[in-house]
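**Student:** File name work.cif; file contents mmCIF, C-alpha atoms; full text below.
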```cif
data_structure
#
loop_
_atom_site.group_PDB
_atom_site.id
_atom_site.type_symbol
_atom_site.label_atom_id
_atom_site.label_comp_id
_atom_site.auth_asym_id
_atom_site.auth_seq_id
_atom_site.Cartn_x
_atom_site.Cartn_y
_atom_site.Cartn_z
ATOM 1 C CA MET U 1 -143.501 -85.810 13.996
ATOM 2 C CA LYS U 2 -145.603 -85.504 17.121
ATOM 3 C CA VAL U 3 -147.797 -88.374 18.231
ATOM 4 C CA ARG U 4 -150.317 -88.646 21.017
ATOM 5 C CA ILE U 5 -150.863 -91.959 22.801
ATOM 6 C CA LEU U 6 -153.876 -92.570 24.994
ATOM 7 C CA VAL U 7 -153.565 -95.346 27.581
ATOM 8 C CA SER U 8 -156.610 -96.489 29.519
ATOM 9 C CA PHE U 9 -157.884 -99.550 31.344
ATOM 10 C CA LYS U 10 -159.305 -102.362 29.235
ATOM 11 C CA ASP U 11 -163.087 -102.525 29.314
ATOM 12 C CA SER U 12 -162.872 -105.740 31.309
ATOM 13 C CA VAL U 13 -160.888 -104.040 34.091
ATOM 14 C CA LEU U 14 -162.676 -102.040 36.759
ATOM 15 C CA ASP U 15 -161.582 -98.384 36.865
ATOM 16 C CA PRO U 16 -162.292 -97.204 40.426
ATOM 17 C CA GLN U 17 -160.979 -93.698 39.746
ATOM 18 C CA GLY U 18 -163.321 -93.315 36.781
ATOM 19 C CA GLN U 19 -166.191 -94.552 38.960
ATOM 20 C CA THR U 20 -165.375 -91.968 41.614
ATOM 21 C CA VAL U 21 -165.323 -89.186 39.023
ATOM 22 C CA LYS U 22 -168.684 -90.409 37.699
ATOM 23 C CA ASN U 23 -170.147 -90.308 41.221
ATOM 24 C CA ALA U 24 -168.847 -86.757 41.674
ATOM 25 C CA LEU U 25 -170.474 -85.708 38.394
ATOM 26 C CA HIS U 26 -173.764 -87.257 39.504
ATOM 27 C CA THR U 27 -173.535 -85.367 42.794
ATOM 28 C CA LEU U 28 -173.329 -82.171 40.743
ATOM 29 C CA GLY U 29 -176.437 -83.203 38.822
ATOM 30 C CA TYR U 30 -174.817 -84.292 35.559
ATOM 31 C CA ASP U 31 -177.109 -87.274 35.276
ATOM 32 C CA ALA U 32 -176.521 -87.665 31.553
ATOM 33 C CA VAL U 33 -173.079 -89.108 32.304
ATOM 34 C CA THR U 34 -173.457 -92.878 32.432
ATOM 35 C CA ASP U 35 -169.808 -93.901 32.596
ATOM 36 C CA VAL U 36 -166.330 -92.414 33.054
ATOM 37 C CA ARG U 37 -163.046 -94.098 32.154
ATOM 38 C CA GLN U 38 -159.847 -92.378 33.201
ATOM 39 C CA GLY U 39 -156.581 -92.698 31.291
ATOM 40 C CA LYS U 40 -153.146 -91.243 30.644
ATOM 41 C CA VAL U 41 -151.955 -89.166 27.714
ATOM 42 C CA PHE U 42 -148.413 -89.229 26.317
ATOM 43 C CA GLU U 43 -147.118 -86.897 23.611
ATOM 44 C CA LEU U 44 -143.943 -88.052 21.887
ATOM 45 C CA ASP U 45 -141.775 -86.048 19.495
ATOM 46 C CA LEU U 46 -140.204 -88.358 16.945
ATOM 47 C CA GLU U 47 -137.391 -87.592 14.571
ATOM 48 C CA GLY U 48 -136.131 -89.176 11.366
ATOM 49 C CA LEU U 49 -138.929 -91.711 10.969
ATOM 50 C CA THR U 50 -141.129 -92.410 8.000
ATOM 51 C CA ARG U 51 -144.812 -92.761 8.729
ATOM 52 C CA GLN U 52 -144.491 -96.494 8.200
ATOM 53 C CA GLN U 53 -141.651 -96.712 10.729
ATOM 54 C CA ALA U 54 -143.667 -94.693 13.233
ATOM 55 C CA GLU U 55 -146.590 -97.049 12.771
ATOM 56 C CA ALA U 56 -144.349 -99.894 13.886
ATOM 57 C CA LEU U 57 -142.478 -98.023 16.616
ATOM 58 C CA VAL U 58 -145.313 -96.327 18.486
ATOM 59 C CA PRO U 59 -147.289 -99.526 19.185
ATOM 60 C CA GLU U 60 -144.056 -101.244 20.224
ATOM 61 C CA ILE U 61 -143.211 -98.487 22.722
ATOM 62 C CA SER U 62 -146.798 -98.486 23.954
ATOM 63 C CA ARG U 63 -146.887 -102.218 24.524
ATOM 64 C CA ARG U 64 -143.442 -102.487 26.104
ATOM 65 C CA VAL U 65 -143.416 -99.415 28.296
ATOM 66 C CA LEU U 66 -146.306 -96.947 28.308
ATOM 67 C CA ALA U 67 -149.105 -99.457 28.849
ATOM 68 C CA ASN U 68 -149.254 -102.673 30.819
ATOM 69 C CA PRO U 69 -151.029 -104.933 28.294
ATOM 70 C CA ILE U 70 -152.433 -107.096 31.093
ATOM 71 C CA ILE U 71 -154.715 -104.298 32.298
ATOM 72 C CA GLU U 72 -154.418 -101.460 29.791
ATOM 73 C CA LYS U 73 -155.135 -100.724 26.138
ATOM 74 C CA PHE U 74 -153.836 -97.875 24.006
ATOM 75 C CA GLU U 75 -154.698 -95.900 20.920
ATOM 76 C CA TRP U 76 -152.621 -93.296 19.147
ATOM 77 C CA ASP U 77 -152.723 -90.482 16.589
ATOM 78 C CA ILE U 78 -150.278 -88.338 14.676
ATOM 79 C CA LEU U 79 -150.751 -84.759 15.877
ATOM 80 C CA LYS U 80 -148.217 -83.036 13.673
ATOM 81 C CA GLY U 81 -145.956 -83.891 10.751
ATOM 82 C CA ARG U 82 -146.108 -86.982 8.617
ATOM 83 C CA MET D 1 -126.706 -118.373 53.084
ATOM 84 C CA LYS D 2 -126.444 -114.749 52.020
ATOM 85 C CA PHE D 3 -129.292 -112.323 51.313
ATOM 86 C CA GLY D 4 -129.057 -109.284 49.047
ATOM 87 C CA VAL D 5 -131.480 -106.367 49.360
ATOM 88 C CA VAL D 6 -131.904 -104.279 46.194
ATOM 89 C CA GLN D 7 -132.026 -100.507 46.630
ATOM 90 C CA PHE D 8 -133.817 -98.327 44.097
ATOM 91 C CA PRO D 9 -134.196 -94.571 44.347
ATOM 92 C CA GLY D 10 -137.423 -94.428 46.360
ATOM 93 C CA SER D 11 -137.052 -97.735 48.203
ATOM 94 C CA ASN D 12 -137.979 -97.159 51.831
ATOM 95 C CA CYS D 13 -138.178 -100.633 53.352
ATOM 96 C CA ASP D 14 -134.650 -101.557 52.288
ATOM 97 C CA PHE D 15 -133.202 -101.083 55.756
ATOM 98 C CA ASP D 16 -136.206 -102.758 57.403
ATOM 99 C CA ALA D 17 -135.490 -105.814 55.266
ATOM 100 C CA TYR D 18 -131.757 -105.571 55.969
ATOM 101 C CA HIS D 19 -132.393 -105.311 59.709
ATOM 102 C CA ALA D 20 -134.815 -108.254 59.758
ATOM 103 C CA LEU D 21 -132.463 -110.508 57.788
ATOM 104 C CA ARG D 22 -129.170 -109.421 59.317
ATOM 105 C CA HIS D 23 -130.199 -108.905 62.941
ATOM 106 C CA ALA D 24 -133.448 -110.823 63.493
ATOM 107 C CA MET D 25 -132.669 -113.805 61.256
ATOM 108 C CA LYS D 26 -128.897 -113.468 61.793
ATOM 109 C CA ARG D 27 -127.833 -114.148 58.235
ATOM 110 C CA PRO D 28 -125.197 -112.324 56.181
ATOM 111 C CA THR D 29 -126.967 -109.616 54.169
ATOM 112 C CA VAL D 30 -125.665 -107.100 51.659
ATOM 113 C CA MET D 31 -127.247 -104.098 49.988
ATOM 114 C CA LEU D 32 -127.334 -104.182 46.181
ATOM 115 C CA TRP D 33 -127.491 -100.874 44.317
ATOM 116 C CA HIS D 34 -129.872 -100.855 41.357
ATOM 117 C CA LYS D 35 -127.168 -99.508 39.006
ATOM 118 C CA ASP D 36 -124.714 -102.268 39.781
ATOM 119 C CA HIS D 37 -124.239 -105.272 37.533
ATOM 120 C CA ASP D 38 -123.183 -107.751 40.187
ATOM 121 C CA LEU D 39 -125.315 -109.748 42.617
ATOM 122 C CA GLN D 40 -122.277 -110.279 44.887
ATOM 123 C CA GLY D 41 -122.869 -113.998 45.114
ATOM 124 C CA VAL D 42 -126.083 -113.767 47.139
ATOM 125 C CA ASP D 43 -128.325 -116.827 47.460
ATOM 126 C CA CYS D 44 -131.548 -114.870 47.664
ATOM 127 C CA VAL D 45 -132.469 -111.481 46.237
ATOM 128 C CA VAL D 46 -134.950 -109.335 48.177
ATOM 129 C CA LEU D 47 -136.837 -106.567 46.371
ATOM 130 C CA PRO D 48 -138.012 -104.348 49.230
ATOM 131 C CA GLY D 49 -141.025 -102.113 49.643
ATOM 132 C CA GLY D 50 -141.168 -98.438 48.827
ATOM 133 C CA PHE D 51 -141.826 -96.309 45.798
ATOM 134 C CA ALA D 52 -139.091 -97.172 43.320
ATOM 135 C CA TYR D 53 -138.665 -94.267 40.903
ATOM 136 C CA GLY D 54 -141.530 -92.479 42.617
ATOM 137 C CA ASP D 55 -144.017 -94.954 41.098
ATOM 138 C CA TYR D 56 -143.706 -92.908 37.895
ATOM 139 C CA LEU D 57 -145.674 -94.252 34.920
ATOM 140 C CA ARG D 58 -146.990 -97.249 36.913
ATOM 141 C CA VAL D 59 -145.870 -98.910 40.128
ATOM 142 C CA GLY D 60 -142.751 -100.928 39.400
ATOM 143 C CA ALA D 61 -142.731 -99.945 35.740
ATOM 144 C CA ILE D 62 -139.412 -98.082 35.631
ATOM 145 C CA ALA D 63 -137.532 -100.152 38.211
ATOM 146 C CA ARG D 64 -137.558 -103.143 35.903
ATOM 147 C CA PHE D 65 -135.182 -101.348 33.500
ATOM 148 C CA SER D 66 -132.431 -100.946 36.120
ATOM 149 C CA PRO D 67 -129.161 -102.649 35.146
ATOM 150 C CA LEU D 68 -129.252 -104.822 38.266
ATOM 151 C CA MET D 69 -132.753 -106.040 37.422
ATOM 152 C CA GLN D 70 -131.406 -107.671 34.255
ATOM 153 C CA GLN D 71 -129.099 -109.667 36.548
ATOM 154 C CA VAL D 72 -131.995 -110.455 38.867
ATOM 155 C CA LYS D 73 -134.050 -111.662 35.915
ATOM 156 C CA ALA D 74 -131.264 -113.974 34.747
ATOM 157 C CA PHE D 75 -130.700 -115.129 38.342
ATOM 158 C CA ALA D 76 -134.394 -116.003 38.704
ATOM 159 C CA ARG D 77 -134.556 -117.715 35.297
ATOM 160 C CA GLY D 78 -131.611 -119.826 36.440
ATOM 161 C CA GLY D 79 -133.509 -120.947 39.539
ATOM 162 C CA GLY D 80 -132.202 -118.343 42.015
ATOM 163 C CA HIS D 81 -134.524 -117.383 44.845
ATOM 164 C CA VAL D 82 -136.160 -113.963 44.666
ATOM 165 C CA ILE D 83 -138.695 -112.450 47.031
ATOM 166 C CA GLY D 84 -140.512 -109.211 46.255
ATOM 167 C CA ILE D 85 -142.281 -107.476 49.116
ATOM 168 C CA CYS D 86 -144.951 -104.839 48.416
ATOM 169 C CA ASN D 87 -143.329 -102.565 45.817
ATOM 170 C CA GLY D 88 -140.945 -105.461 45.157
ATOM 171 C CA PHE D 89 -143.973 -107.617 44.230
ATOM 172 C CA GLN D 90 -145.120 -104.873 41.865
ATOM 173 C CA VAL D 91 -141.671 -104.810 40.240
ATOM 174 C CA LEU D 92 -141.740 -108.606 39.779
ATOM 175 C CA LEU D 93 -145.100 -108.329 37.996
ATOM 176 C CA GLU D 94 -143.822 -105.595 35.680
ATOM 177 C CA LEU D 95 -140.648 -107.574 35.088
ATOM 178 C CA GLY D 96 -142.760 -110.544 33.997
ATOM 179 C CA LEU D 97 -141.303 -112.906 36.597
ATOM 180 C CA LEU D 98 -144.772 -113.296 38.115
ATOM 181 C CA PRO D 99 -148.135 -113.293 36.315
ATOM 182 C CA GLY D 100 -150.765 -110.567 36.680
ATOM 183 C CA ALA D 101 -150.815 -106.876 37.529
ATOM 184 C CA MET D 102 -151.718 -104.516 40.360
ATOM 185 C CA LEU D 103 -154.635 -102.115 40.380
ATOM 186 C CA ARG D 104 -155.367 -99.341 42.838
ATOM 187 C CA ASN D 105 -156.982 -100.556 46.086
ATOM 188 C CA LYS D 106 -160.745 -101.020 45.744
ATOM 189 C CA ASN D 107 -161.543 -98.122 48.088
ATOM 190 C CA LEU D 108 -158.876 -95.851 46.523
ATOM 191 C CA LYS D 109 -157.199 -95.494 49.895
ATOM 192 C CA PHE D 110 -153.615 -96.020 50.922
ATOM 193 C CA LEU D 111 -153.928 -98.890 53.404
ATOM 194 C CA CYS D 112 -151.508 -99.039 56.325
ATOM 195 C CA GLN D 113 -152.660 -101.621 58.866
ATOM 196 C CA PRO D 114 -152.052 -105.108 60.198
ATOM 197 C CA VAL D 115 -153.877 -107.820 58.245
ATOM 198 C CA HIS D 116 -154.253 -111.572 58.485
ATOM 199 C CA ILE D 117 -153.083 -113.825 55.704
ATOM 200 C CA ARG D 118 -153.548 -117.571 55.354
ATOM 201 C CA ILE D 119 -150.889 -119.923 54.057
ATOM 202 C CA GLU D 120 -152.534 -121.548 51.049
ATOM 203 C CA ASN D 121 -149.592 -123.669 50.041
ATOM 204 C CA ALA D 122 -147.033 -124.819 52.614
ATOM 205 C CA ARG D 123 -145.108 -126.872 50.076
ATOM 206 C CA THR D 124 -143.135 -123.882 48.844
ATOM 207 C CA ASP D 125 -139.640 -122.655 49.595
ATOM 208 C CA PHE D 126 -141.225 -119.598 51.216
ATOM 209 C CA THR D 127 -143.703 -121.336 53.522
ATOM 210 C CA ARG D 128 -142.288 -124.760 54.381
ATOM 211 C CA ALA D 129 -141.625 -123.662 57.987
ATOM 212 C CA GLY D 130 -145.372 -123.056 58.334
ATOM 213 C CA ARG D 131 -148.414 -125.198 57.699
ATOM 214 C CA LYS D 132 -151.305 -125.035 55.278
ATOM 215 C CA GLY D 133 -154.149 -122.966 56.677
ATOM 216 C CA GLN D 134 -151.916 -121.218 59.225
ATOM 217 C CA VAL D 135 -152.910 -117.595 59.804
ATOM 218 C CA LEU D 136 -150.174 -114.961 59.965
ATOM 219 C CA ARG D 137 -150.594 -111.416 61.244
ATOM 220 C CA VAL D 138 -148.465 -109.102 59.122
ATOM 221 C CA PRO D 139 -148.782 -105.402 58.230
ATOM 222 C CA ILE D 140 -149.581 -103.957 54.825
ATOM 223 C CA ALA D 141 -148.803 -100.444 53.545
ATOM 224 C CA HIS D 142 -149.786 -99.862 49.933
ATOM 225 C CA PHE D 143 -151.950 -97.964 47.478
ATOM 226 C CA ASP D 144 -151.792 -100.447 44.610
ATOM 227 C CA GLY D 145 -152.220 -103.950 45.980
ATOM 228 C CA ASN D 146 -155.418 -104.969 44.237
ATOM 229 C CA TYR D 147 -154.186 -108.082 42.446
ATOM 230 C CA TYR D 148 -155.579 -108.654 38.986
ATOM 231 C CA ALA D 149 -155.017 -111.308 36.351
ATOM 232 C CA PRO D 150 -157.089 -112.292 33.315
ATOM 233 C CA ALA D 151 -159.393 -115.255 33.983
ATOM 234 C CA ARG D 152 -157.207 -117.786 32.187
ATOM 235 C CA THR D 153 -154.059 -116.708 34.037
ATOM 236 C CA LEU D 154 -155.923 -116.719 37.337
ATOM 237 C CA ASN D 155 -157.144 -120.275 36.708
ATOM 238 C CA GLU D 156 -153.602 -121.442 35.990
ATOM 239 C CA VAL D 157 -152.245 -119.720 39.091
ATOM 240 C CA GLU D 158 -154.917 -121.432 41.207
ATOM 241 C CA ALA D 159 -154.586 -124.837 39.541
ATOM 242 C CA ASN D 160 -150.795 -124.894 39.928
ATOM 243 C CA GLY D 161 -150.850 -124.030 43.626
ATOM 244 C CA GLU D 162 -149.131 -120.722 42.930
ATOM 245 C CA VAL D 163 -151.333 -118.827 45.380
ATOM 246 C CA VAL D 164 -149.186 -118.762 48.510
ATOM 247 C CA PHE D 165 -151.150 -116.316 50.722
ATOM 248 C CA ARG D 166 -154.748 -115.087 50.827
ATOM 249 C CA TYR D 167 -156.182 -112.262 52.931
ATOM 250 C CA CYS D 168 -158.440 -113.644 55.654
ATOM 251 C CA ASP D 169 -159.898 -112.756 59.035
ATOM 252 C CA ALA D 170 -158.303 -113.689 62.371
ATOM 253 C CA ASP D 171 -159.944 -117.124 62.169
ATOM 254 C CA GLY D 172 -158.581 -117.815 58.710
ATOM 255 C CA LYS D 173 -161.854 -117.233 56.897
ATOM 256 C CA VAL D 174 -161.592 -115.493 53.516
ATOM 257 C CA THR D 175 -164.272 -112.785 53.430
ATOM 258 C CA ASP D 176 -164.920 -109.704 51.310
ATOM 259 C CA GLU D 177 -164.275 -107.590 54.371
ATOM 260 C CA ALA D 178 -160.907 -109.191 55.076
ATOM 261 C CA ASN D 179 -159.891 -108.752 51.435
ATOM 262 C CA VAL D 180 -159.081 -105.119 52.162
ATOM 263 C CA ASN D 181 -157.683 -104.081 48.793
ATOM 264 C CA GLY D 182 -160.113 -106.000 46.578
ATOM 265 C CA SER D 183 -157.612 -108.488 45.137
ATOM 266 C CA LEU D 184 -159.049 -111.177 42.868
ATOM 267 C CA HIS D 185 -159.503 -114.380 44.890
ATOM 268 C CA ALA D 186 -158.168 -112.385 47.896
ATOM 269 C CA ILE D 187 -154.636 -113.049 46.684
ATOM 270 C CA ALA D 188 -151.945 -111.571 48.945
ATOM 271 C CA GLY D 189 -148.962 -113.462 47.592
ATOM 272 C CA ILE D 190 -148.073 -115.732 44.675
ATOM 273 C CA ARG D 191 -145.085 -117.706 43.509
ATOM 274 C CA ASN D 192 -144.032 -118.537 39.978
ATOM 275 C CA ALA D 193 -144.585 -121.919 38.354
ATOM 276 C CA ALA D 194 -140.961 -122.947 38.944
ATOM 277 C CA GLY D 195 -141.360 -122.107 42.631
ATOM 278 C CA ASN D 196 -138.277 -119.930 43.159
ATOM 279 C CA VAL D 197 -139.896 -116.470 42.973
ATOM 280 C CA LEU D 198 -142.396 -115.082 45.504
ATOM 281 C CA GLY D 199 -144.266 -111.791 45.491
ATOM 282 C CA MET D 200 -146.323 -110.657 48.486
ATOM 283 C CA MET D 201 -147.962 -107.359 49.410
ATOM 284 C CA PRO D 202 -147.761 -107.757 53.228
ATOM 285 C CA HIS D 203 -144.455 -106.944 54.935
ATOM 286 C CA PRO D 204 -142.939 -109.973 56.713
ATOM 287 C CA GLU D 205 -139.845 -107.904 57.566
ATOM 288 C CA ARG D 206 -142.006 -105.649 59.715
ATOM 289 C CA ALA D 207 -143.241 -108.642 61.690
ATOM 290 C CA ALA D 208 -139.984 -110.401 62.462
ATOM 291 C CA GLU D 209 -139.505 -109.356 66.097
ATOM 292 C CA ALA D 210 -141.781 -109.423 69.177
ATOM 293 C CA LEU D 211 -140.962 -105.768 69.771
ATOM 294 C CA LEU D 212 -142.786 -104.941 66.533
ATOM 295 C CA GLY D 213 -145.967 -106.707 67.619
ATOM 296 C CA SER D 214 -145.699 -109.902 65.605
ATOM 297 C CA THR D 215 -143.102 -112.493 64.740
ATOM 298 C CA ASP D 216 -145.313 -114.187 62.147
ATOM 299 C CA GLY D 217 -143.299 -112.752 59.273
ATOM 300 C CA ARG D 218 -140.349 -114.879 60.357
ATOM 301 C CA THR D 219 -142.096 -117.921 58.853
ATOM 302 C CA VAL D 220 -141.284 -116.637 55.372
ATOM 303 C CA PHE D 221 -137.606 -116.038 56.134
ATOM 304 C CA GLU D 222 -137.233 -119.233 58.177
ATOM 305 C CA SER D 223 -138.679 -121.147 55.241
ATOM 306 C CA LEU D 224 -136.235 -119.535 52.828
ATOM 307 C CA ILE D 225 -133.296 -120.246 55.105
ATOM 308 C CA LEU D 226 -134.442 -123.845 55.539
ATOM 309 C CA SER D 227 -134.861 -124.249 51.781
ATOM 310 C CA LEU D 228 -131.457 -122.811 50.936
ATOM 311 C CA GLU D 229 -129.393 -124.168 53.811
ATOM 312 C CA ARG D 230 -131.036 -127.581 54.042
ATOM 313 C CA PRO D 231 -132.555 -128.149 50.616
ATOM 314 C CA GLY D 232 -133.083 -131.850 51.348
ATOM 315 C CA ALA D 233 -135.209 -131.190 54.432
ATOM 316 C CA LYS D 234 -138.780 -132.278 53.943
ATOM 317 C CA ALA D 235 -141.434 -129.635 53.764
ATOM 318 C CA ARG D 236 -144.297 -130.059 56.196
ATOM 319 C CA PRO D 237 -147.509 -131.274 54.554
#
```
How does the structure come out when it is put into structure tokens?

**Tutor:**
Amino acid sequence: MKVRILVSFKDSVLDPQGQTVKNALHTLGYDAVTDVRQGKVFELDLEGLTRQQAEALVPEISRRVLANPIIEKFEWDILKGR
Amino acid sequence: MKFGVVQFPGSNCDFDAYHALRHAMKRPTVMLWHKDHDLQGVDCVVLPGGFAYGDYLRVGAIARFSPLMQQVKAFARGGGHVIGICNGFQVLLELGLLPGAMLRNKNLKFLCQPVHIRIENARTDFTRAGRKGQVLRVPIAHFDGNYYAPARTLNEVEANGEVVFRYCDADGKVTDEANVNGSLHAIAGIRNAAGNVLGMMPHPERAAEALLGSTDGRTVFESLILSLERPGAKARP
């Protein structure tokens, strides 16, 4: 099974890198862009897990390691397998 | 008393800290390798500055899994003194020994410059040789020193006197301009509720000798030595 985890700053936390990207887009005339949030993507290959086990494991790994829950949130999807 | 300086792959202030403690403060100091399981009987653990594990994932995020850090965690939980400087502060936050987290500096620049910090609480084991309101001139060198904590945590940290240092100007005034990295409440250093763990972004070990332009950083080490060698001595108000 392959899963994709997206980690990004919580809405309440300022994302200066996202702001800088937004400013760059505005400089290029992309005025339709009103906000940019930057994040990190992780793709994990998992073996020997049922879907139910993966649904417990992936959030655990995300909370303990991939994201810092004080400043970051995460969401995840199964890309391949079941 | 004996200091121990932890070395991670990517630490680069380990020998600065060793030099300041061993030669400027003249106290026995040993290096502790991150893969070891033994703190060698030290009285105070120093987590030095640098880029432990290349800052992979997040600053300090991987260092906390080192075998030695499990010992450091137990040592701190048992009341042992731990000081994290710069990257060491970031590791302490990731390890959960101090509250909050670090964000990238507000201007997205790596800041390498002398700054002024004000002692907010002189009744700590890390500041008792100084006085409340005293301004220290100490260098910083970091990319991620923008202290953040959720409002409730921040209120607790403030209410419990856990803010040890704040960025300020030369006169001790806390201003937006002096708060170079954008830290909430201009926080430059905090201690834990129990009072035995300190994290600070500025580098006291780089300001421990006149030759380096400032001896203000000695206050932190003198306080620690006073606290550990003469625990009964009264802290200055």

**Student:** Measuring atom to atom with only C-alpha atoms, identify which of D:Leu111, D:Leu68, D:Gly4, D:Leu184 is nearest to chain U.

**Tutor:**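 Among the listed residues, the smallest separation from chain U belongs to D:Leu184.
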
**Student:** Let me know the residues the PyMOL selection byres ((chain U) within 9 of (chain D)) catches in the file above, as a ChimeraX atom specification.

**Tutor:** /U:12-17,65-68,70-71

**Student:** Excluding Gly217 in chain D and its own-chain neighbours fewer than 6 positions away, which residues fall within 8 Å of it when counting all atoms listed in the file? Please give them as a list in words.

**Tutor:** Leu136, Arg137, Val138, His203, Pro204, Glu205, Arg206, Ala207 and Ala208 of chain D

**Student:** Pull C-alpha atoms from the residues just selected and write them as a PDB file, in the coordinates of the input.

**Tutor:**
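What ended up in part.pdb:
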```
ATOM      1  CA  LEU D 136    -150.174-114.961  59.965  1.00  0.00           C
ATOM      2  CA  ARG D 137    -150.594-111.416  61.244  1.00  0.00           C
ATOM      3  CA  VAL D 138    -148.465-109.102  59.122  1.00  0.00           C
ATOM      4  CA  HIS D 203    -144.455-106.944  54.935  1.00  0.00           C
ATOM      5  CA  PRO D 204    -142.939-109.973  56.713  1.00  0.00           C
ATOM      6  CA  GLU D 205    -139.845-107.904  57.566  1.00  0.00           C
ATOM      7  CA  ARG D 206    -142.006-105.649  59.715  1.00  0.00           C
ATOM      8  CA  ALA D 207    -143.241-108.642  61.690  1.00  0.00           C
ATOM      9  CA  ALA D 208    -139.984-110.401  62.462  1.00  0.00           C
TER      10      ALA D 208
END
```

**Student:** Pick out the closest residue to Ile85 in chain D from this set: D:Ser66, D:Asn179, D:Asn12, D:Thr29. Count all atoms listed in the file.

**Tutor:**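 Of all the options, D:Asn12 lies closest to Ile85 in chain D.
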
**Student:** Taking all atoms of range 141-148 of chain D that the file lists, what box with edges along x, y and z, padded by 6 Å per side, do you get, with centre and edge lengths in Å to one decimal, as lines of an AutoDock Vina configuration file?

**Tutor:**
```
center_x = -152.2
center_y = -103.3
center_z = 46.3
size_x = 18.8
size_y = 22.7
size_z = 26.6
```

**Student:** Give me, please, the distance in Å between CA of Arg118 in chain D and CA of Val135 in chain D, quoted to one decimal.

**Tutor:**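 Computing it gives 4.5 Å between the two atoms.
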
**Student:** In Å, rounded to a single decimal, give me how far CA of Ala141 in chain D is from CA of Gln7 in chain D.

**Tutor:**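 Value for the CA of Gln7 in chain D-CA of Ala141 in chain D distance: 18.1 Å.
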
**Student:** Taking only C-alpha atoms into account, which of U:Asp77, U:Arg82, U:Val21, U:Asp35 comes nearest Gln53 in chain U?

**Tutor:**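 Looking only at the distances to Gln53 in chain U, the closest residue turns out to be U:Arg82.
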
**Student:** Please evaluate the PyMOL selection byres ((chain D and resi 218) around 12) against the structure above and give the resulting residues as a PyMOL selection string.

**Tutor:** chain D and resi 17+20-21+24-26+126-130+136-138+203-210+212+214-217+219-226

**Student:** Taking all atoms listed in the file into account, which of U:Asn23, U:Ile78, U:Val33, U:Leu28 comes nearest Gln52 in chain U?

**Tutor:**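 Residue with the minimum atom-to-atom distance to Gln52 in chain U: U:Ile78.
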
**Student:** Which is closest to Ala54 in chain U among U:Trp76, U:Val36, U:Phe9, U:Thr27, if we use all atoms listed in the file?

**Tutor:**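 Of U:Trp76, U:Val36, U:Phe9, U:Thr27, the one nearest Ala54 in chain U, counting all atoms listed in the file, is U:Trp76.
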
**Student:** For the PyMOL selection byres ((chain D and resi 191) around 7), applied here, can you spell out every residue it catches as number ranges by chain?

**Tutor:** D: 98, 162-164, 190, 192-193, 195, 197-199

**Student:** Of the residues D:Tyr56, D:His142, D:Val91, D:Asp125, which is the one nearest to Gln113 in chain D, using only C-alpha atoms?

**Tutor:**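 Closest to Gln113 in chain D, using only C-alpha atoms: D:His142.
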
**Student:** Mind listing whatever residues come within 6 Å of the point (-173.6, -88.8, 35.9)? Use all atoms listed in the file, file coordinates, and give them as a ChimeraX atom specification.

**Tutor:** /U:22,25-26,30-34

**Student:** I'd like the neighbourhood of range 34-45 of chain D as a VMD selection string, where a residue qualifies if any of its atoms comes within 10 Å (using all atoms listed in the file), though same-chain residues fewer than 4 positions away should be ignored.

**Tutor:** chain D and resid 1 to 9 28 to 30 63 to 72 75 to 76 80 to 84 196 to 197 224 to 225 228 to 229

**Student:** If we count only C-alpha atoms and set the cut-off at 8 Å, which residues sit around Val41 in chain U, ignoring sequence neighbours fewer than 6 positions away in its own chain? Please answer as a list of chain:residue names.

**Tutor:**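 My reading of the contact set: U:Arg4, U:Ile5, U:Leu6, U:Val7.
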
**Student:** Extract, using all atoms listed in the file, all DNA, RNA and protein residues at most 7 Å from range 165-177 of chain D, discarding same-chain residues fewer than 5 positions from it, and format them as a list in words.

**Tutor:**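 Contacts, in chain order: His116, Ile117, Arg118, Ile119, Glu120, Val135, Ala186, Ile187, Ala188, Gly189 and Ile190 of chain D.
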
**Student:** Since the input lacks atoms, please generate N, CA and C atoms for range 191-197 of chain D and provide them as a PDB file, keeping the file's coordinate frame.

**Tutor:**
```pdb
ATOM      1  N   ARG D 191    -146.425-117.314  43.966  1.00  0.00           N
ATOM      2  CA  ARG D 191    -145.085-117.706  43.509  1.00  0.00           C
ATOM      3  C   ARG D 191    -145.185-118.043  42.028  1.00  0.00           C
ATOM      4  N   ASN D 192    -144.020-118.176  41.399  1.00  0.00           N
ATOM      5  CA  ASN D 192    -144.032-118.537  39.978  1.00  0.00           C
ATOM      6  C   ASN D 192    -144.187-120.043  39.830  1.00  0.00           C
ATOM      7  N   ALA D 193    -144.365-120.492  38.597  1.00  0.00           N
ATOM      8  CA  ALA D 193    -144.585-121.919  38.354  1.00  0.00           C
ATOM      9  C   ALA D 193    -143.384-122.741  38.782  1.00  0.00           C
ATOM     10  N   ALA D 194    -142.168-122.206  38.581  1.00  0.00           N
ATOM     11  CA  ALA D 194    -140.961-122.947  38.944  1.00  0.00           C
ATOM     12  C   ALA D 194    -140.773-123.002  40.459  1.00  0.00           C
ATOM     13  N   GLY D 195    -141.384-122.049  41.170  1.00  0.00           N
ATOM     14  CA  GLY D 195    -141.360-122.107  42.631  1.00  0.00           C
ATOM     15  C   GLY D 195    -140.221-121.363  43.309  1.00  0.00           C
ATOM     16  N   ASN D 196    -139.421-120.609  42.550  1.00  0.00           N
ATOM     17  CA  ASN D 196    -138.277-119.930  43.159  1.00  0.00           C
ATOM     18  C   ASN D 196    -138.485-118.416  43.317  1.00  0.00           C
ATOM     19  N   VAL D 197    -139.628-117.913  42.865  1.00  0.00           N
ATOM     20  CA  VAL D 197    -139.896-116.470  42.973  1.00  0.00           C
ATOM     21  C   VAL D 197    -141.211-116.256  43.712  1.00  0.00           C
TER      22      VAL D 197
END
```
